[in-house]
Amino acid sequence: MLNKSIMDGDNPDLTEERMKGAFDTDKMAAVIYGSEKFAIRRREITESISRIPQLADSKPFSFMTREEKISESCRKLSVLSEHWNQLIDTNNEEEALHLYREVLGLEGHAFSLHETMFIPSLVAQANDEQQEKWLGRAKRREIIGCYAQTEMGHGTNLRALETTATYYPSTQEFILHTPTETALKWWPGALGKSSNYAVVVADLVIRDTHYGAHPFMVQLRDEKTHNPLPGITVGDIGPKMAFNGADNGFLGFNQYKLPRDHMLMRHSRVEENGTYTKPPHAKIGYSSMVKVRSRMAMDQGLFMVSALVIAVRYSAVRRQGFLDDKSREVKVLDYQTQQHRLFPSIARAYAFIFCGFETIQLYDQLLIDVKNGDTSGMSDLHALTSGLKSVVTHQTGEGIEQARMACGGHGYSMASYISEIYGVAIGGCTYEGENMVMLLQLARYLVKSVELVKTGKSKELGPMMNYLAEPDTQIDLTSGPEAYVKVFQHAARRQVWKATDKFHQLMESGQSRDIAWNNSAVELTRASRLHTRLYIMETFIRRVSSISDVSIKKVLIDLVNVHVNYEVLDIGTYALEHVSSTQLDSIRSQLYSSLDTLRPNAVSLIDSFQISDMQLRSVLGRRDGHVYTNLFEWAKASPLNQTHVLPSVNQYLKPMMDKAKL
Ligand SMILES: CCCCCCCC/C=C\CCCCCCCCCCCCC/C=C/C(=O)SCCNC(=O)CCNC(=O)[C@H](O)C(C)(C)COP(=O)(O)OP(=O)(O)OC[C@H]1O[C@@H](n2cnc3c(N)ncnc32)[C@H](O)[C@@H]1OP(=O)(O)O
Ligand SMILES: Cc1cc2nc3c(=O)[nH]c(=O)nc-3n(C[C@H](O)[C@H](O)[C@H](O)COP(=O)(O)OP(=O)(O)OC[C@H]3O[C@@H](n4cnc5c(N)ncnc54)[C@H](O)[C@@H]3O)c2cc1C
C-alpha cells in the first residue's frame, strides 16, 4: 500500500485517490520531516497521544468561548506534564513542537512564548551563571515565561522603546519604569494571565546615558499566589482576530526594583559600579527575533499545509457539475481552476518547509558561532530571514484564503476551521517584524551588495549574492527548472539594481539618505521579494535534486514543474523583460499540463504530511472523508441546537410578533 492512510470504511472517493498515488507516503514523510527517524517518531508520538483520553478536546473547539479555550489548554498542559517524559525526548525541540501542535493546536496557550522566545532568550542572552539559575527551572516548567518587547506606541522601531531600566550603583539595582501610557508593554503572548516571569526588553540607562534596548529577566507574579508583584500592572489585551487561546497581554512598571544580575549579560554587561561593556555586535540582543524568524518558513508552510489538507481532501469528495460523463457529477478536484487554485500552494508549502530546514540549521550554527565569539554570520542570516518571513507569511495567507474559497460555502463555516488557520497564520505578517519593514531590512543588504559590485569588490559578496554581479545571458527554457532559476535571477538582479540606482540618483539629486530611501521604498521591497523568491526556488530545486528514491523524486519533480511555471508567470511583468510573450505562452501551457500530471498524486502529497485529525480540528478535512455525516453531527452539537426554543425568542421575538398580530 503506497498511501498509508487508506482505511476500511473511509469515503470511497478518497480511497480511490489514495490508491492512485504513485509513491509511498511514509517515504515522502521522511523527506518532508528531514529523516525517516523523525518521521517515525512523529507517528509514534501521535499514536501515544491517542492512548491518553484526557488529551482529547472536551468539546469541539469552535463552540468554545475564549475563557473555555484558555482553560482547556491549561487542563491539557497539566495532563501533559504527567506524561511528558514518556511521550518525547524533552531535549528534542522538533519532537516537543510536534507534541504541542498535536495536543494544543494553533490557537495559542500558556507556554506559547515560553518555548518559542523565553527559553531561546535565556539560551542566547543569559550568561552561564544566569542560565544555571533560570534555564533549568524554565525547562522543567517550574516557571512560565514570555517575551515582552513591543509597547503600545512602538513595536517596529526598537530604538524608540520607552520602558527604562535605570541602573543605580548605590543600590546595585535597576529601576524598571513605564513613563507613559504608550510605554505599556502591549501584545506579548501569554503575558496577560499565564506567565509569572518575562524577558523584558527595556532601554538601559546609566548616569543619564541611554544605551538602548537590552533584555532583563523579570519576575512578574508571586510564585505561590500568582498575584502580580507590587509595582507591576499586568493583564490581557482582549480578543484578537484569531489566536484567542493565548492571553496576549499588557504590562506596566511603577519604579520596579530589579537586582543587577537580572540584566541578561552574556554579551553586554553592567558592572557593580555602573561601567557598561557593549556587546561584540550591536544587534546581538535581537537574537530571539532571528530565532523565531528562522522557524517561520517551516511553521507557515505547515499552516498552509493544514488548509490544503482540508481543501484537497474535500475537493476529492465534493462532487458538483459534469465533464464528459453526464451520468455522474465530477469531483471538483478535476476542474482545472480548482487545481490551479490549490496545486501551486502545495508546491509552495513543500518549498517553504525545505527552506525552513535550512534556516533553522543556519540559526543553530550561528548560535554556536556567536558563543565562540564569531558574529560574522549575523548580517547574512538577518537579511535572509527578514525577507523569507515576509514572503512566506504573505504567500501563506494567499494560499490559505484560496483553500477556503476552494471549499465553497462549507469553507466559510468554522467546521472547515480554515478561517482560524488563516487568522493565526496571517498574524505572521505582523509579528516578528512587520513585513514591509523586514523587506526593507533585506533591501539594505541588497543595496550594499550592489555597492560592492559597483566598487569592484564582488569577492566580498555574501552567500547567494553572486548572481548580482553576473551578466544577463540567453535563457533556453527547454533546459529544465534551472532555466526558470535564470529567469528569476535576471528579474531579481534587474530589480535590485534598478531600486539601488533610483536610491543613489535621488541622493545625488540632493535628497537626504532617509528621504531618498523612503522615495525608493516600494521598488526596494519589490527587489527583496524577487530575491527571496529566487532563494525559495533554488532551495526547492536543490533539495529535490538530492533525493535518491526514484518514485519520490519523480513526483517532487512534477511539483517543482508546477512551482517554476507558476512562479515565473506570477512575476510576468518582470519576466517579460527577459523572456518573450511567446515564451510566456509556452510556460502557461506547461503549467496546465503540469497540473494535469500532478492530479493523481494530489491527495497523497498532502496525506504525506501526516497531520492527524486531532491537530487539524477540521470537520471538513478529516482523514475519513465522510464530510456530510461529520458536518451534520457537528452542527447538531452547536450550543444553539441544545434546545428547540431559545430564551431570546421568548423574550424578544415572540412578543414582537404577537404585538404585530394585534
Ligand atoms: C523542549 C524544547 C521545546 C521547544 C518547543 C517549542 C514549542 C513551541 C510551542 C508552540 C508551537 C506550536 C505551534 C503553533 C504555532 C503558533 C504560532 C503562533 C506563534 C505566535 C508567536 C508570536 C511571537 C511573536 C513575537 C514577537 O513579535 S516579538 C517582537 C518582535 N518585534 C520585532 O520583530 C521588531 C522589528 N524591529 C526590528 O527588528 C528592528 O527594530 C529593526 C527593524 C531591525 C531595526 O532595528 P535598528 O536597531 O533600528 O537597526 P537599523 O538602524 O535599521 O539597522 C542597523 C543595522 O543593524 C542590522 N540589523 C538589524 N537587526 C539585525 C539582526 N537581528 N541581526 C543582525 N543585524 C541586524 C541592519 O541590517 C543594519 O545593518 P546595516 O547598517 O549594515 O545596513
Ligand atoms: C499575534 C501577535 C503576537 C505578538 N506577540 C508578541 C510577543 O510575544 N512579544 C512582543 O514583544 N510583541 C509581540 N507582538 C507585537 C509585534 O511584534 C508587533 O506588532 C510588530 O513588530 C509590528 O510592530 P507595530 O505593531 O509597531 O507596527 P507598526 O510599525 O506601527 O506598523 C504599522 C504600519 O507602519 C508601517 N511602518 C512602520 N515603520 C515603518 C518603516 N520604518 N518603514 C516603512 N513602513 C513602516 C508598517 O509597514 C505598517 O504598515 C505580537 C503581535 C501579534 C499580532
# chains A, B, ... in the order shown; residues from 1 in each chain; ligands from 1
call {"tool": "residues_around", "arguments": {"residues": "Leu80 (chain A)", "least_positions_apart": "2", "cutoff": "12 Å", "atoms": "only C-alpha atoms", "output": "PDB file with C-alpha atoms, in the first residue's frame"}}
result
ATOM      1  CA  SER A  48       0.899   7.569  22.129  1.00  0.00           C
ATOM      2  CA  ILE A  49      -1.216  10.708  22.497  1.00  0.00           C
ATOM      3  CA  ILE A  52      -4.338   9.198  26.614  1.00  0.00           C
ATOM      4  CA  PRO A  53      -8.058  10.045  26.505  1.00  0.00           C
ATOM      5  CA  GLN A  54      -7.673  13.134  28.726  1.00  0.00           C
ATOM      6  CA  LEU A  55      -5.681  14.770  25.927  1.00  0.00           C
ATOM      7  CA  ALA A  56      -8.665  14.789  23.566  1.00  0.00           C
ATOM      8  CA  SER A  73      -5.396  24.287  27.001  1.00  0.00           C
ATOM      9  CA  CYS A  74      -4.306  24.652  30.648  1.00  0.00           C
ATOM     10  CA  ARG A  75      -6.101  21.399  31.503  1.00  0.00           C
ATOM     11  CA  LYS A  76      -4.276  19.613  28.702  1.00  0.00           C
ATOM     12  CA  LEU A  77      -0.938  21.127  29.719  1.00  0.00           C
ATOM     13  CA  SER A  78      -1.422  19.731  33.201  1.00  0.00           C
ATOM     14  CA  GLU A  82       2.296  13.822  33.796  1.00  0.00           C
ATOM     15  CA  HIS A  83       3.334  12.176  30.527  1.00  0.00           C
ATOM     16  CA  TRP A  84       5.960  14.496  29.130  1.00  0.00           C
ATOM     17  CA  ASN A  85       8.991  12.231  29.507  1.00  0.00           C
ATOM     18  CA  GLN A  86       7.219   9.121  28.173  1.00  0.00           C
ATOM     19  CA  LEU A  87       5.925  10.959  25.124  1.00  0.00           C
ATOM     20  CA  ILE A  88       9.021  12.746  23.822  1.00  0.00           C
ATOM     21  CA  ALA A  96       8.296  18.981  21.513  1.00  0.00           C
ATOM     22  CA  LEU A  99       3.594  17.266  20.622  1.00  0.00           C
ATOM     23  CA  TYR A 100       2.385  20.832  21.219  1.00  0.00           C
ATOM     24  CA  GLU A 102      -0.965  17.734  18.162  1.00  0.00           C
ATOM     25  CA  VAL A 103      -2.372  18.355  21.616  1.00  0.00           C
ATOM     26  CA  LEU A 104      -2.859  22.109  21.695  1.00  0.00           C
ATOM     27  CA  ARG A 141       8.329  24.374  33.638  1.00  0.00           C
TER      28      ARG A 141
END
call {"tool": "select_by_dssp", "arguments": {"residues": "region 446-563 of chain A", "states": "alpha helix (DSSP H)", "output": "mmCIF file with C-alpha atoms, in the first residue's frame"}}
result
data_model
loop_
_atom_site.group_PDB
_atom_site.id
_atom_site.type_symbol
_atom_site.label_atom_id
_atom_site.label_comp_id
_atom_site.auth_asym_id
_atom_site.auth_seq_id
_atom_site.Cartn_x
_atom_site.Cartn_y
_atom_site.Cartn_z
ATOM 1 C CA LEU A 446 20.894 44.058 -1.272
ATOM 2 C CA VAL A 447 21.808 47.712 -1.849
ATOM 3 C CA LYS A 448 25.107 47.202 -0.037
ATOM 4 C CA SER A 449 25.759 44.163 -2.218
ATOM 5 C CA VAL A 450 25.238 46.196 -5.406
ATOM 6 C CA GLU A 451 27.554 48.858 -3.989
ATOM 7 C CA LEU A 452 30.206 46.152 -3.523
ATOM 8 C CA VAL A 453 29.815 45.091 -7.153
ATOM 9 C CA LYS A 454 29.938 48.704 -8.342
ATOM 10 C CA PRO A 481 13.987 24.070 -13.945
ATOM 11 C CA GLU A 482 17.454 25.685 -13.943
ATOM 12 C CA ALA A 483 16.295 27.909 -16.783
ATOM 13 C CA TYR A 484 13.480 29.223 -14.615
ATOM 14 C CA VAL A 485 16.018 29.982 -11.899
ATOM 15 C CA LYS A 486 17.851 32.025 -14.530
ATOM 16 C CA VAL A 487 14.642 33.952 -15.304
ATOM 17 C CA PHE A 488 14.294 34.757 -11.605
ATOM 18 C CA GLN A 489 17.974 35.698 -11.358
ATOM 19 C CA HIS A 490 17.612 38.084 -14.275
ATOM 20 C CA ALA A 491 14.431 39.613 -12.865
ATOM 21 C CA ALA A 492 15.771 39.931 -9.303
ATOM 22 C CA ARG A 493 19.123 41.310 -10.465
ATOM 23 C CA ARG A 494 17.480 43.891 -12.674
ATOM 24 C CA GLN A 495 15.077 44.994 -9.929
ATOM 25 C CA VAL A 496 17.768 45.137 -7.232
ATOM 26 C CA TRP A 497 19.974 47.281 -9.470
ATOM 27 C CA LYS A 498 17.054 49.443 -10.580
ATOM 28 C CA ALA A 499 15.968 50.150 -6.995
ATOM 29 C CA THR A 500 19.574 50.821 -5.933
ATOM 30 C CA ASP A 501 20.136 53.165 -8.873
ATOM 31 C CA LYS A 502 16.976 55.047 -8.013
ATOM 32 C CA PHE A 503 18.079 55.395 -4.397
ATOM 33 C CA HIS A 504 21.526 56.630 -5.478
ATOM 34 C CA GLN A 505 20.127 59.052 -8.036
ATOM 35 C CA LEU A 506 17.746 60.579 -5.503
ATOM 36 C CA MET A 507 20.638 61.133 -3.118
ATOM 37 C CA GLU A 508 22.723 62.623 -5.912
ATOM 38 C CA ARG A 513 19.696 59.367 2.662
ATOM 39 C CA ASP A 514 16.499 58.693 4.623
ATOM 40 C CA ILE A 515 14.234 60.624 2.252
ATOM 41 C CA ALA A 516 15.836 59.018 -0.810
ATOM 42 C CA TRP A 517 15.366 55.626 0.856
ATOM 43 C CA ASN A 518 11.706 56.337 1.535
ATOM 44 C CA ASN A 519 11.154 57.533 -2.037
ATOM 45 C CA ALA A 521 10.963 52.024 -0.786
ATOM 46 C CA VAL A 522 8.312 50.386 -2.989
ATOM 47 C CA GLU A 523 10.950 49.486 -5.590
ATOM 48 C CA LEU A 524 13.230 48.240 -2.821
ATOM 49 C CA THR A 525 10.565 45.949 -1.359
ATOM 50 C CA ARG A 526 9.933 44.553 -4.846
ATOM 51 C CA ALA A 527 13.622 43.793 -5.139
ATOM 52 C CA SER A 528 13.576 41.987 -1.783
ATOM 53 C CA ARG A 529 10.598 39.870 -2.772
ATOM 54 C CA LEU A 530 12.156 38.785 -6.048
ATOM 55 C CA HIS A 531 15.438 37.968 -4.336
ATOM 56 C CA THR A 532 13.646 35.897 -1.696
ATOM 57 C CA ARG A 533 11.508 34.059 -4.220
ATOM 58 C CA LEU A 534 14.677 33.208 -6.103
ATOM 59 C CA TYR A 535 16.143 31.744 -2.902
ATOM 60 C CA ILE A 536 12.979 29.686 -2.304
ATOM 61 C CA MET A 537 13.027 28.313 -5.847
ATOM 62 C CA GLU A 538 16.733 27.465 -5.730
ATOM 63 C CA THR A 539 16.387 25.727 -2.368
ATOM 64 C CA PHE A 540 13.408 23.699 -3.595
ATOM 65 C CA ILE A 541 15.228 22.522 -6.715
ATOM 66 C CA ARG A 542 18.431 21.784 -4.793
ATOM 67 C CA ARG A 543 16.572 19.693 -2.210
ATOM 68 C CA VAL A 544 14.639 17.719 -4.815
ATOM 69 C CA SER A 545 17.829 17.047 -6.825
ATOM 70 C CA VAL A 550 13.035 7.245 -7.734
ATOM 71 C CA SER A 551 9.255 7.391 -7.146
ATOM 72 C CA ILE A 552 9.555 10.197 -4.579
ATOM 73 C CA LYS A 553 11.880 12.178 -6.805
ATOM 74 C CA LYS A 554 9.568 11.757 -9.791
ATOM 75 C CA VAL A 555 6.525 13.261 -8.054
ATOM 76 C CA LEU A 556 8.592 16.031 -6.481
ATOM 77 C CA ILE A 557 9.947 16.936 -9.910
ATOM 78 C CA ASP A 558 6.313 17.181 -11.044
ATOM 79 C CA LEU A 559 5.751 19.515 -8.118
ATOM 80 C CA VAL A 560 8.838 21.562 -8.998
ATOM 81 C CA ASN A 561 7.447 21.898 -12.524
ATOM 82 C CA VAL A 562 4.187 23.289 -11.172
ATOM 83 C CA HIS A 563 6.214 25.649 -8.972
#
call {"tool": "residues_near_ligand", "arguments": {"ligand": "ligand 2", "cutoff": "6 Å", "atoms": "only C-alpha atoms and all ligand atoms", "output": "list of chain:residue names"}}
result
A:Tyr147, A:Ala148, A:Gln149, A:Thr150, A:His154, A:Gly155, A:Thr156, A:Trp187, A:Pro188, A:Gly189, A:Gly427, A:Thr430, A:Tyr431, A:Glu432, A:Gly433, A:Glu434, A:Met436, A:Val437
call {"tool": "write_last_selection", "arguments": {"atoms": "C-alpha atoms", "output": "PDB file, in the first residue's frame"}}
result
ATOM      1  CA  TYR A 147       8.958  37.812  25.747  1.00  0.00           C
ATOM      2  CA  ALA A 148       7.844  41.366  26.479  1.00  0.00           C
ATOM      3  CA  GLN A 149       9.279  43.811  23.989  1.00  0.00           C
ATOM      4  CA  THR A 150       6.547  45.565  21.986  1.00  0.00           C
ATOM      5  CA  HIS A 154       6.243  51.205  19.386  1.00  0.00           C
ATOM      6  CA  GLY A 155       6.783  47.730  18.010  1.00  0.00           C
ATOM      7  CA  THR A 156       8.833  48.204  14.850  1.00  0.00           C
ATOM      8  CA  TRP A 187       0.943  42.297  22.739  1.00  0.00           C
ATOM      9  CA  PRO A 188       3.362  39.795  24.302  1.00  0.00           C
ATOM     10  CA  GLY A 189       1.849  36.297  24.070  1.00  0.00           C
ATOM     11  CA  GLY A 427      -0.552  37.234  12.265  1.00  0.00           C
ATOM     12  CA  THR A 430       2.910  41.420  11.579  1.00  0.00           C
ATOM     13  CA  TYR A 431       4.699  39.665  14.423  1.00  0.00           C
ATOM     14  CA  GLU A 432       8.468  39.305  14.421  1.00  0.00           C
ATOM     15  CA  GLY A 433       8.700  42.476  12.381  1.00  0.00           C
ATOM     16  CA  GLU A 434       6.044  43.946  10.105  1.00  0.00           C
ATOM     17  CA  MET A 436       7.301  45.841   4.772  1.00  0.00           C
ATOM     18  CA  VAL A 437       9.791  46.792   7.436  1.00  0.00           C
TER      19      VAL A 437
END
call {"tool": "atom_distance", "arguments": {"atom1": "CA of Glu173 (chain A)", "atom2": "CA of Cys146 (chain A)"}}
result
22.2 Å
call {"tool": "closest_atom_pairs", "arguments": {"of": "chain A", "to": "ligand 1", "cutoff": "7 Å", "atoms": "only C-alpha atoms and all ligand atoms", "output": "tab-separated table"}}
result
residue	atom	partner	partner_atom_place_in_ligand_line	distance
A:Thr90	CA	ligand 1	1 (C)	5.0
A:Asn91	CA	ligand 1	1 (C)	5.3
A:Asn92	CA	ligand 1	2 (C)	6.1
A:Glu93	CA	ligand 1	2 (C)	4.2
A:Glu94	CA	ligand 1	5 (C)	6.6
A:Ala96	CA	ligand 1	5 (C)	4.7
A:Leu97	CA	ligand 1	7 (C)	4.4
A:Tyr100	CA	ligand 1	12 (C)	5.4
A:Arg101	CA	ligand 1	12 (C)	4.9
A:Gly105	CA	ligand 1	14 (C)	6.3
A:Leu106	CA	ligand 1	14 (C)	4.2
A:Glu107	CA	ligand 1	16 (C)	6.6
A:Gly108	CA	ligand 1	16 (C)	5.9
A:Phe111	CA	ligand 1	9 (C)	6.5
A:Ser112	CA	ligand 1	9 (C)	4.7
A:Leu113	CA	ligand 1	21 (C)	6.4
A:Glu115	CA	ligand 1	6 (C)	4.4
A:Thr116	CA	ligand 1	8 (C)	5.1
A:Lys139	CA	ligand 1	1 (C)	6.6
A:Tyr147	CA	ligand 1	28 (S)	6.6
A:Gln149	CA	ligand 1	29 (C)	5.8
A:Thr150	CA	ligand 1	29 (C)	5.7
A:Gly155	CA	ligand 1	34 (C)	5.5
A:Thr156	CA	ligand 1	36 (N)	4.2
A:Asn157	CA	ligand 1	40 (O)	4.4
A:Leu158	CA	ligand 1	40 (O)	4.2
A:Arg159	CA	ligand 1	48 (O)	5.5
A:Pro188	CA	ligand 1	25 (C)	6.6
A:Gly189	CA	ligand 1	23 (C)	6.5
A:Lys283	CA	ligand 1	61 (C)	5.1
A:Ile284	CA	ligand 1	64 (N)	6.4
A:Tyr286	CA	ligand 1	63 (N)	4.7
A:Ser287	CA	ligand 1	63 (N)	5.8
A:Met289	CA	ligand 1	33 (O)	5.7
A:Val290	CA	ligand 1	63 (N)	5.6
A:Asp299	CA	ligand 1	15 (C)	6.7
A:Met378	CA	ligand 1	65 (C)	4.7
A:Ser379	CA	ligand 1	65 (C)	4.3
A:His382	CA	ligand 1	64 (N)	4.7
A:Ala383	CA	ligand 1	69 (O)	6.7
A:Val424	CA	ligand 1	18 (C)	6.3
A:Tyr431	CA	ligand 1	27 (O)	3.8
A:Glu432	CA	ligand 1	33 (O)	3.4
A:Gly433	CA	ligand 1	33 (O)	3.4
A:Glu434	CA	ligand 1	35 (C)	6.7
A:Val437	CA	ligand 1	42 (C)	6.0
A:Met438	CA	ligand 1	42 (C)	6.4
A:Gln441	CA	ligand 1	69 (O)	5.6
A:Arg444	CA	ligand 1	75 (O)	5.0
A:Tyr445	CA	ligand 1	75 (O)	5.9
call {"tool": "atom_distance", "arguments": {"atom1": "CA of Gly252 (chain A)", "atom2": "CA of Met152 (chain A)"}}
result
10.7 Å
